[in-house]
Amino acid sequence: MVTYARSKAIENLWAPWRMVYIESFNKKRGGKCFICEACMSRNPQKTLTLELTHDTVVVMNLYPYNPGHLLVAPRSHVEDFDMLNDSQMLDMLITLRKWIKLLKKALRPDGFNLGANLGEDAGAGLPEHLHVHVVPRWKGDTNFMPTTASTKVVPELLEDTYNKLSSMRRKLA
Ligand SMILES: [Zn+2]
């Protein structure tokens, strides 16, 4: 397990401007819709896809704010909640609930931020495919992102977290 230097600075725990920064990386994933790619991939480990339900996909964010930063999205390529029917909406919420529970067991965070950026001006890196960010939070983690971004520990961490969450999911299934 990698140890991170963490700032003691106390900031507001919800930092939406950081989400904009994170999403700017998602935009650089080759111009394709990476959520649709995750839905169609035959290699879930490569696309960091944790689960495909009937209507919902769960992928790890390639540039996480924190370990266990997930995106929960409808499988259908739509940009807003009002383009989902009730059963798609319900499936997404049930999947969201399941993964929050699973993350609690796997990573024992102190809390979560959940958020969706609707529209490019709100910071969405992929405005055409709706997705909800699930970000586990720990006390004192507010400066985690700049630290990891400059030390390239994220890929190893992503793989570790992916394996951990996948095996936890199998256990709970
Ligand atoms: Zn898509």
# chains A, B, ... in the order shown; residues from 1 in each chain; ligands from 1
>>> residues_near_ligand(ligand="ligand 1", cutoff="10 Å", atoms="only C-alpha atoms and all ligand atoms", output="short mmCIF file (atom, residue, chain, number, x, y, z; two decimals) with C-alpha atoms, in the first residue's frame")
data_model
loop_
_atom_site.label_atom_id
_atom_site.label_comp_id
_atom_site.auth_asym_id
_atom_site.auth_seq_id
_atom_site.Cartn_x
_atom_site.Cartn_y
_atom_site.Cartn_z
CA LYS A 32 -14.52 8.66 -27.67
CA CYS A 33 -17.17 8.11 -25.07
CA PHE A 34 -15.28 6.10 -22.48
CA ILE A 35 -18.48 5.15 -20.66
CA CYS A 36 -19.94 3.56 -23.80
CA GLU A 37 -16.56 1.90 -24.38
CA ALA A 38 -16.68 0.48 -20.87
CA CYS A 39 -20.16 -0.92 -21.56
CA ALA A 73 -23.74 5.93 -15.26
CA PRO A 74 -26.68 4.71 -17.30
CA ARG A 75 -25.67 2.32 -20.06
CA SER A 76 -27.64 4.44 -22.43
CA HIS A 77 -25.75 7.39 -23.92
CA VAL A 78 -27.90 10.25 -22.65
CA GLU A 79 -26.94 13.59 -21.19
CA LEU A 126 -18.13 14.14 -20.99
CA PRO A 127 -21.36 16.17 -21.08
CA GLU A 128 -23.06 13.83 -23.54
CA HIS A 129 -23.05 10.82 -21.23
CA LEU A 130 -24.58 11.35 -17.81
CA HIS A 131 -22.52 10.05 -14.88
#
>>> select_by_dssp(residues="region 90-128 of chain A", states="strand (DSSP E or B)", output="list of chain:residue names")
A:Gly111, A:Phe112, A:Asn113, A:Leu114, A:Gly115
>>> write_last_selection(atoms="C-alpha atoms", output="PDB file, in the first residue's frame")
ATOM      1  CA  GLY A 111     -17.836  10.015   4.217  1.00  0.00           C
ATOM      2  CA  PHE A 112     -18.733  10.444   0.549  1.00  0.00           C
ATOM      3  CA  ASN A 113     -19.288  13.163  -2.002  1.00  0.00           C
ATOM      4  CA  LEU A 114     -21.765  12.370  -4.728  1.00  0.00           C
ATOM      5  CA  GLY A 115     -22.114  14.675  -7.670  1.00  0.00           C
TER       6      GLY A 115
END
>>> closest_atom_pairs(of="region 35-130 of chain A", to="region 156-166 of chain A", cutoff="10 Å", atoms="only C-alpha atoms", output="tab-separated table")
residue	atom	partner	partner_atom	distance
A:Gln45	CA	A:Tyr162	CA	7.8
A:Lys46	CA	A:Glu159	CA	9.7
A:Leu48	CA	A:Tyr162	CA	6.8
A:Thr49	CA	A:Tyr162	CA	8.6
A:Leu50	CA	A:Ser166	CA	6.4
A:Glu51	CA	A:Ser166	CA	8.7
A:Val59	CA	A:Tyr162	CA	9.4
A:Met60	CA	A:Tyr162	CA	7.5
A:Asn61	CA	A:Leu158	CA	8.7
A:Leu62	CA	A:Leu158	CA	7.6
A:Tyr63	CA	A:Leu158	CA	8.8
A:Pro64	CA	A:Leu158	CA	8.3
A:Asn66	CA	A:Leu157	CA	9.8
A:Pro67	CA	A:Thr161	CA	6.8
A:Gly68	CA	A:Thr161	CA	6.4
A:His69	CA	A:Leu158	CA	9.4
A:Trp99	CA	A:Leu165	CA	9.3
A:Leu102	CA	A:Leu165	CA	7.6
A:Leu103	CA	A:Leu165	CA	7.4
A:Lys105	CA	A:Leu165	CA	9.5
A:Ala106	CA	A:Leu165	CA	6.6
A:Leu107	CA	A:Leu165	CA	8.8
>>> select_by_dssp(residues="region 12-115 of chain A", states="helix (DSSP H, G or I)", output="ChimeraX atom specification")
/A:16-26,34-40,81-83,86-107
